[in-house]
Every structure is written in structure tokens, then in C-alpha cells.
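Inspection log for the structure reproduced underneath, given as C-alpha cells.
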Amino acid sequence: MASPLISAVGGIALTRHQVERATARRSDDEWLAAAWADPATRVLVIEDGSALARIGDGAAELIFTEPGLAPDGTRFLLGVDADSVAYFGVGGLLPDLAGQPDVRKAGLRDAGPLLSDRDAGLLTHAVALANWHAVSAHCSRCGAPTEPAMAGHSRRCPADGSEHFPRCDPAVIMLVTDQDDRCLLARNAQWPKGRVSILAGFVEPGESAEQAVAREVHEETGVNVGAVSYAGSQPWPMPHSLMLGFRAAATSTQISVDADEIAEARWYSRADLAGAITSGDLLMPPSLSISRWLIETWYGAELPRRPAT
Ligand SMILES: [Zn+2]
């Protein structure tokens with residue numbers, strides 16, 4: 001049984017949020033202009049997937065600026081909070097850090113788990129949009145320069161009138177278990193020895209997410225799966241994915257890895273896994289990831305801690 005602590009996907013760092021997206025305001029030019037003119041409006045500057053954050057003592061908070069001090073760059077509305085404060089993002093150069101020793105450039109991987117719900121949601125949303133704008137300057141139909149529209153949530157081509165929306169690539173990540181309720185973990189060929197996770201891969205055009213689960217598991221490990229059920233999702237804007245989490249029941253247990261992608265894979269009982277983590281033999285995915293959440297929902301508790309090195 002999963003503990004209440006880890007039973008909700010909302011506990012994963014990048015699924016937390018607090019600021020309402022205010023989608024109806026995106027086409028309200030008068031409201032947008034007033035919000036940008038209001039010094040109470042908070043602006044989060046994003047440069048190369050990072051913002052400024054104050055980090056210390058196991059917690060982090062984003063550093064916002066007021067609109068008048070924001071750099072030039074593509075602007076997008078992130079939302080409005082319960083106190084009617086508007087939040088915008090700007091893709092541009094981060095303000096100067098001089099004189100603020102505890103403030104530094106931080107991305108989702110390092111600051112994500114340390115941020116409040118409000119800040120984690122804002123940074124995830126802002127990084128996703130900034131990454132998309134950064135590679136969408138030209139129309140994919142005719143090549144003309146495109147312009148931001150809908151408060152930065154779409155782009156429009158002035159030459160042919162086409163509208164372009166933020167791209168998001170679906171990927172599947174799946175916890176595969178066998179008849180004895182053992183979990184399949186694998187080490188990617190790029191990872192150091194001892195680091196393992198569950199299997200994952202991109203959904204191909206014309207393929208359902210469930211089909212992608214079965215295909216990826218078979219391609220990477222030779223294992224066949226039967227029943228596939230959806231478990232939860234997490235945005236992963238690095239650069240532009242949506243991770244769709246599944247549980248899959250194996251109908252075979254023989255492992256034959258695709259050596260180009262997977263260095264090794266094996267089945268773990270809960271006792272096997274706990275022993276391998278506490279002995280220092282295995283390194284599990286970080287708390288930021290949906291993979292760790294899926295593994296913990298199977299394990300039934302938070303994973304044991306790795307011994308201090
Ligand atoms: Zn065009």
C-alpha cells in the first residue's frame with residue numbers, strides 16, 4: 001500500500017502550483033497593459049532555463065523584479081494569485097547578482113525540489129514557455145519571423161496568418177512489475193555504474209501512450225507487458241516534454257537488453273532494492289522525478305536513504 005505521503009502525484013516537485021493561469025486575461029490587452037504598468041506585478045526573468053533564486057538551508061525562493069526593471073525580451077503572462085498580484089515571465093538577461101551572495105542562477109533540476117508550491121509552478125511554467133519562444137522565432141510553414149500573441153502563449157506569422165502553439169513532446173515512463181511483484185529497473189548506457197531507474201521513452205507519431213509503453217519496454221529489455229494503466233503525469237520542460245507515468249504488468253520475465261541504450265536491467269523485490277540502496281550499490285532517481293514517485297508508490301514508502309559517503 002502506498003503511504004498518504006506519496007500517494008498523490010501532486011507531491012512531485014514540478015506538478016506543484018498555486019498561481020491561477022488566468023487564461024481569459026491572455027487576450028485582454030487593456031488588462032495586460034494595466035498589469036504591466038503596476039509596480040506590484042512580479043516578473044520572473046528566465047535566461048537559458050534558469051532564474052535567480054535565493055538558496056539556503058534546504059529551501060529556495062525565486063527572485064522577482066518589477067516590470068519597470070525587467071530586461072528586454074519575450075514577455076508572457078504566467079497568472080494571477082489569490083491576492084490579485086499578476087506574474088509575468090520574460091525571456092532575457094538575468095539581472096546583475098553583485099552584492100547578493102546568497103542569490104544565484106538556478107534551474108528546475110537544482111532548485112525545483114526546494115521551492116514553495118507557488119514558485120515551483122511559476123518556474124516550471126516560465127521555463128517551458130521561455131524554451132519554446134527561444135526556438136520558435138520563425139514560421140514553420142513559410143520561414144517568416146513570428147510574433148508573440150495571446151500574452152506569450154502562442155506565436156503568429158504575419159506573412160501567412162498561421163498560429164503556432166507551444167510544443168510539448170509526450171514521453172512515457174513506466175513501472176513494470178512481474179507476477180511476483182518485483183520491479184524492473186535499468187541503467188541507461190550513459191549513466192555511471194549503480195545509477196538505475198524505470199524505463200522511459202518518447203511516444204512516436206501515430207502511436208498511443210499505452211502502445212509506446214509496450215514497445216519501449218520490449219525494445220529496451222525484451223520483456224513483454226500486458227495490462228498498462230495510467231498513473232499520473234509531470235511536465236518536464238527540459239526542453240519540452242510531458243512525462244506520462246504508467247504501471248505495466250509483465251507477461252514475461254526474461255531480460256535481453258538493447259545494449260545501445262541500456263547497460264543492464266534486472267528485477268528487484270522490495271527487500272533486494274532496500275538492501276542495494278542501503279549498501280550503497282544503487283543510486284535512485286532524484287526526488288524531483290516522476291520515476292522516483294512511481295518507484296515509491298510500488299515500494300510502499302519513501303525509499304531508504306543512501307549511506308553517507
Ligand atoms: Zn508563415
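Letters A, B, ... go to the chains of the C-alpha cells in the order shown; residues in each chain start at 1; ligands are counted from 1 in the same order.
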Residues of chain A at most 9 Å from ligand 1: nearest atom pair and distance in Å, only C-alpha atoms and all ligand atoms, as JSON lines:
{"residue": "A:His138", "atom": "CA", "partner": "ligand 1", "partner_atom_place_in_ligand_line": "1 (Zn)", "distance": 7.6}
{"residue": "A:Cys139", "atom": "CA", "partner": "ligand 1", "partner_atom_place_in_ligand_line": "1 (Zn)", "distance": 4.5}
{"residue": "A:Ser140", "atom": "CA", "partner": "ligand 1", "partner_atom_place_in_ligand_line": "1 (Zn)", "distance": 6.7}
{"residue": "A:Arg141", "atom": "CA", "partner": "ligand 1", "partner_atom_place_in_ligand_line": "1 (Zn)", "distance": 5.0}
{"residue": "A:Cys142", "atom": "CA", "partner": "ligand 1", "partner_atom_place_in_ligand_line": "1 (Zn)", "distance": 4.1}
{"residue": "A:Gly143", "atom": "CA", "partner": "ligand 1", "partner_atom_place_in_ligand_line": "1 (Zn)", "distance": 5.8}
{"residue": "A:Ala144", "atom": "CA", "partner": "ligand 1", "partner_atom_place_in_ligand_line": "1 (Zn)", "distance": 5.3}
{"residue": "A:Pro145", "atom": "CA", "partner": "ligand 1", "partner_atom_place_in_ligand_line": "1 (Zn)", "distance": 7.6}
{"residue": "A:Thr146", "atom": "CA", "partner": "ligand 1", "partner_atom_place_in_ligand_line": "1 (Zn)", "distance": 7.3}
{"residue": "A:Arg156", "atom": "CA", "partner": "ligand 1", "partner_atom_place_in_ligand_line": "1 (Zn)", "distance": 8.0}
{"residue": "A:Cys157", "atom": "CA", "partner": "ligand 1", "partner_atom_place_in_ligand_line": "1 (Zn)", "distance": 4.6}
{"residue": "A:Pro158", "atom": "CA", "partner": "ligand 1", "partner_atom_place_in_ligand_line": "1 (Zn)", "distance": 6.7}
{"residue": "A:Ala159", "atom": "CA", "partner": "ligand 1", "partner_atom_place_in_ligand_line": "1 (Zn)", "distance": 5.2}
{"residue": "A:Asp160", "atom": "CA", "partner": "ligand 1", "partner_atom_place_in_ligand_line": "1 (Zn)", "distance": 4.6}
{"residue": "A:Gly161", "atom": "CA", "partner": "ligand 1", "partner_atom_place_in_ligand_line": "1 (Zn)", "distance": 6.6}
{"residue": "A:Ser162", "atom": "CA", "partner": "ligand 1", "partner_atom_place_in_ligand_line": "1 (Zn)", "distance": 6.0}
{"residue": "A:Glu163", "atom": "CA", "partner": "ligand 1", "partner_atom_place_in_ligand_line": "1 (Zn)", "distance": 8.6}
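DSSP secondary structure from the backbone places Ala209, Glu210, Gln211, Ala212, Val213, Ala214, Arg215, Glu216, Val217, His218, Glu219, Glu220 and Thr221 of chain A of stretch 188-230 of chain A in helix (DSSP H, G or I).
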Could you save the residues just selected, with N, CA, C and O atoms, as a PDB file, in the first residue's frame?
ATOM      1  N   ALA A 209      -0.147   6.241 -26.096  1.00  0.00           N
ATOM      2  CA  ALA A 209       0.812   6.179 -24.985  1.00  0.00           C
ATOM      3  C   ALA A 209       0.970   4.738 -24.503  1.00  0.00           C
ATOM      4  O   ALA A 209       2.083   4.296 -24.201  1.00  0.00           O
ATOM      5  N   GLU A 210      -0.137   3.993 -24.443  1.00  0.00           N
ATOM      6  CA  GLU A 210      -0.064   2.604 -23.980  1.00  0.00           C
ATOM      7  C   GLU A 210       0.763   1.741 -24.944  1.00  0.00           C
ATOM      8  O   GLU A 210       1.530   0.868 -24.509  1.00  0.00           O
ATOM      9  N   GLN A 211       0.598   1.984 -26.233  1.00  0.00           N
ATOM     10  CA  GLN A 211       1.415   1.251 -27.213  1.00  0.00           C
ATOM     11  C   GLN A 211       2.894   1.591 -27.047  1.00  0.00           C
ATOM     12  O   GLN A 211       3.765   0.722 -27.169  1.00  0.00           O
ATOM     13  N   ALA A 212       3.169   2.861 -26.764  1.00  0.00           N
ATOM     14  CA  ALA A 212       4.568   3.274 -26.573  1.00  0.00           C
ATOM     15  C   ALA A 212       5.170   2.571 -25.360  1.00  0.00           C
ATOM     16  O   ALA A 212       6.339   2.181 -25.385  1.00  0.00           O
ATOM     17  N   VAL A 213       4.390   2.410 -24.294  1.00  0.00           N
ATOM     18  CA  VAL A 213       4.868   1.705 -23.102  1.00  0.00           C
ATOM     19  C   VAL A 213       5.306   0.288 -23.491  1.00  0.00           C
ATOM     20  O   VAL A 213       6.430  -0.139 -23.207  1.00  0.00           O
ATOM     21  N   ALA A 214       4.419  -0.438 -24.152  1.00  0.00           N
ATOM     22  CA  ALA A 214       4.719  -1.833 -24.506  1.00  0.00           C
ATOM     23  C   ALA A 214       5.908  -1.912 -25.459  1.00  0.00           C
ATOM     24  O   ALA A 214       6.795  -2.761 -25.317  1.00  0.00           O
ATOM     25  N   ARG A 215       5.962  -1.010 -26.431  1.00  0.00           N
ATOM     26  CA  ARG A 215       7.057  -1.030 -27.410  1.00  0.00           C
ATOM     27  C   ARG A 215       8.405  -0.733 -26.743  1.00  0.00           C
ATOM     28  O   ARG A 215       9.395  -1.445 -26.964  1.00  0.00           O
ATOM     29  N   GLU A 216       8.435   0.332 -25.929  1.00  0.00           N
ATOM     30  CA  GLU A 216       9.711   0.722 -25.302  1.00  0.00           C
ATOM     31  C   GLU A 216      10.218  -0.364 -24.355  1.00  0.00           C
ATOM     32  O   GLU A 216      11.415  -0.642 -24.320  1.00  0.00           O
ATOM     33  N   VAL A 217       9.322  -0.958 -23.571  1.00  0.00           N
ATOM     34  CA  VAL A 217       9.760  -1.996 -22.631  1.00  0.00           C
ATOM     35  C   VAL A 217      10.348  -3.168 -23.419  1.00  0.00           C
ATOM     36  O   VAL A 217      11.410  -3.700 -23.074  1.00  0.00           O
ATOM     37  N   HIS A 218       9.682  -3.554 -24.493  1.00  0.00           N
ATOM     38  CA  HIS A 218      10.171  -4.675 -25.279  1.00  0.00           C
ATOM     39  C   HIS A 218      11.496  -4.338 -25.977  1.00  0.00           C
ATOM     40  O   HIS A 218      12.431  -5.135 -25.972  1.00  0.00           O
ATOM     41  N   GLU A 219      11.571  -3.146 -26.585  1.00  0.00           N
ATOM     42  CA  GLU A 219      12.801  -2.766 -27.291  1.00  0.00           C
ATOM     43  C   GLU A 219      13.999  -2.714 -26.344  1.00  0.00           C
ATOM     44  O   GLU A 219      15.102  -3.130 -26.698  1.00  0.00           O
ATOM     45  N   GLU A 220      13.773  -2.166 -25.145  1.00  0.00           N
ATOM     46  CA  GLU A 220      14.908  -1.916 -24.245  1.00  0.00           C
ATOM     47  C   GLU A 220      15.313  -3.141 -23.441  1.00  0.00           C
ATOM     48  O   GLU A 220      16.479  -3.276 -23.060  1.00  0.00           O
ATOM     49  N   THR A 221      14.354  -4.016 -23.126  1.00  0.00           N
ATOM     50  CA  THR A 221      14.684  -5.143 -22.237  1.00  0.00           C
ATOM     51  C   THR A 221      14.225  -6.509 -22.750  1.00  0.00           C
ATOM     52  O   THR A 221      14.528  -7.523 -22.119  1.00  0.00           O
TER      53      THR A 221
END
Write out as a tab-separated table the residues of stretch 271-302 of chain A that have any atom within 12 Å of an atom of stretch 168-182 of chain A, one row each with the nearest atom pair and its distance in Å to one decimal, counting only C-alpha atoms, sorted by chain and then rising number.
residue	atom	partner	partner_atom	distance
A:Ala271	CA	A:Arg182	CA	9.8
A:Asp272	CA	A:Arg182	CA	9.3
A:Leu273	CA	A:Arg182	CA	9.6
A:Ser289	CA	A:Ile173	CA	10.5
A:Ile290	CA	A:Ile173	CA	8.1
A:Ser291	CA	A:Ile173	CA	7.0
A:Arg292	CA	A:Leu175	CA	10.0
A:Trp293	CA	A:Leu175	CA	10.1
A:Leu294	CA	A:Leu175	CA	6.5
A:Ile295	CA	A:Leu175	CA	6.8
A:Glu296	CA	A:Leu175	CA	10.2
A:Thr297	CA	A:Leu175	CA	9.7
A:Trp298	CA	A:Leu175	CA	8.2
A:Tyr299	CA	A:Arg182	CA	9.7
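Within stretch 214-270 of chain A, the backbone-based DSSP assignment of strand (DSSP E or B) covers Val225, Gly226, Ala227, Val228, Ser229, Tyr230, Ala231, Gly232, Ser233, Gln234, Pro235, Trp236, Ser241, Leu242, Met243, Leu244, Gly245, Phe246, Arg247, Ala248, Ala249, Ala250, Ile262, Ala263, Glu264, Ala265, Arg266, Trp267 and Tyr268 of chain A.
Of the listed residues A:Met243, A:Val103, A:Val257, A:Ala249, the one whose atoms come nearest to A:Val228 is A:Ala249, with distances taken using only C-alpha atoms.
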Å distance separating atom CA of A:Ser197 from atom CA of A:Arg104, one decimal place: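 Result for atom CA of A:Ser197 versus atom CA of A:Arg104: 29.9 Å, one decimal.
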Near A:Asp83, counting only C-alpha atoms, which residues have an atom at most 12 Å away, once you skip same-chain residues fewer than 6 positions from it, shown as a ChimeraX atom specification? /A:18-20,40-41
Export N, CA and C atoms of the chosen residues as a short mmCIF file (atom, residue, chain, number, x, y, z; two decimals), in the first residue's frame?
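Output file selection26.cif is given in full below:
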data_model
loop_
_atom_site.label_atom_id
_atom_site.label_comp_id
_atom_site.auth_asym_id
_atom_site.auth_seq_id
_atom_site.Cartn_x
_atom_site.Cartn_y
_atom_site.Cartn_z
N GLN A 18 0.37 27.13 -7.53
CA GLN A 18 -0.54 27.87 -6.67
C GLN A 18 -1.17 29.05 -7.40
N VAL A 19 -0.47 29.56 -8.41
CA VAL A 19 -0.94 30.75 -9.13
C VAL A 19 -1.86 30.32 -10.26
N GLU A 20 -3.04 30.92 -10.29
CA GLU A 20 -4.03 30.59 -11.31
C GLU A 20 -3.56 31.13 -12.67
N ALA A 40 3.33 46.52 -8.50
CA ALA A 40 3.13 45.33 -7.65
C ALA A 40 3.25 44.04 -8.45
N THR A 41 3.19 44.14 -9.78
CA THR A 41 3.33 42.95 -10.65
C THR A 41 4.73 42.37 -10.50
#
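Residues in contact with A:Leu14 at 9 Å, where only C-alpha atoms are counted and same-chain residues fewer than 4 positions away are skipped, are listed as Gly10, Leu108, Gly112, Pro113, Asp117, Ala120, Gly121, Leu123, Thr124, Gln234, Pro235, Trp236, Leu288, Ser289 and Ile290 of chain A.
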Please produce a file of the residues just selected, as a CSV table (one decimal), in the first residue's frame, where the atoms kept are C-alpha atoms.
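Final output, part-v2.csv:
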chain,number,residue,atom,x,y,z
A,10,GLY,CA,0.8,16.4,-6.7
A,108,LEU,CA,14.4,23.3,-12.2
A,112,GLY,CA,12.8,22.6,-8.2
A,113,PRO,CA,12.5,20.4,-5.1
A,117,ASP,CA,4.4,25.3,-4.4
A,120,ALA,CA,7.8,25.6,-8.3
A,121,GLY,CA,4.7,26.1,-10.5
A,123,LEU,CA,9.3,28.4,-12.6
A,124,THR,CA,8.1,25.3,-14.5
A,234,GLN,CA,4.6,15.6,-14.7
A,235,PRO,CA,5.7,18.4,-17.0
A,236,TRP,CA,9.4,18.1,-17.9
A,288,LEU,CA,12.3,15.8,-8.5
A,289,SER,CA,11.4,13.0,-10.8
A,290,ILE,CA,8.2,11.1,-11.5
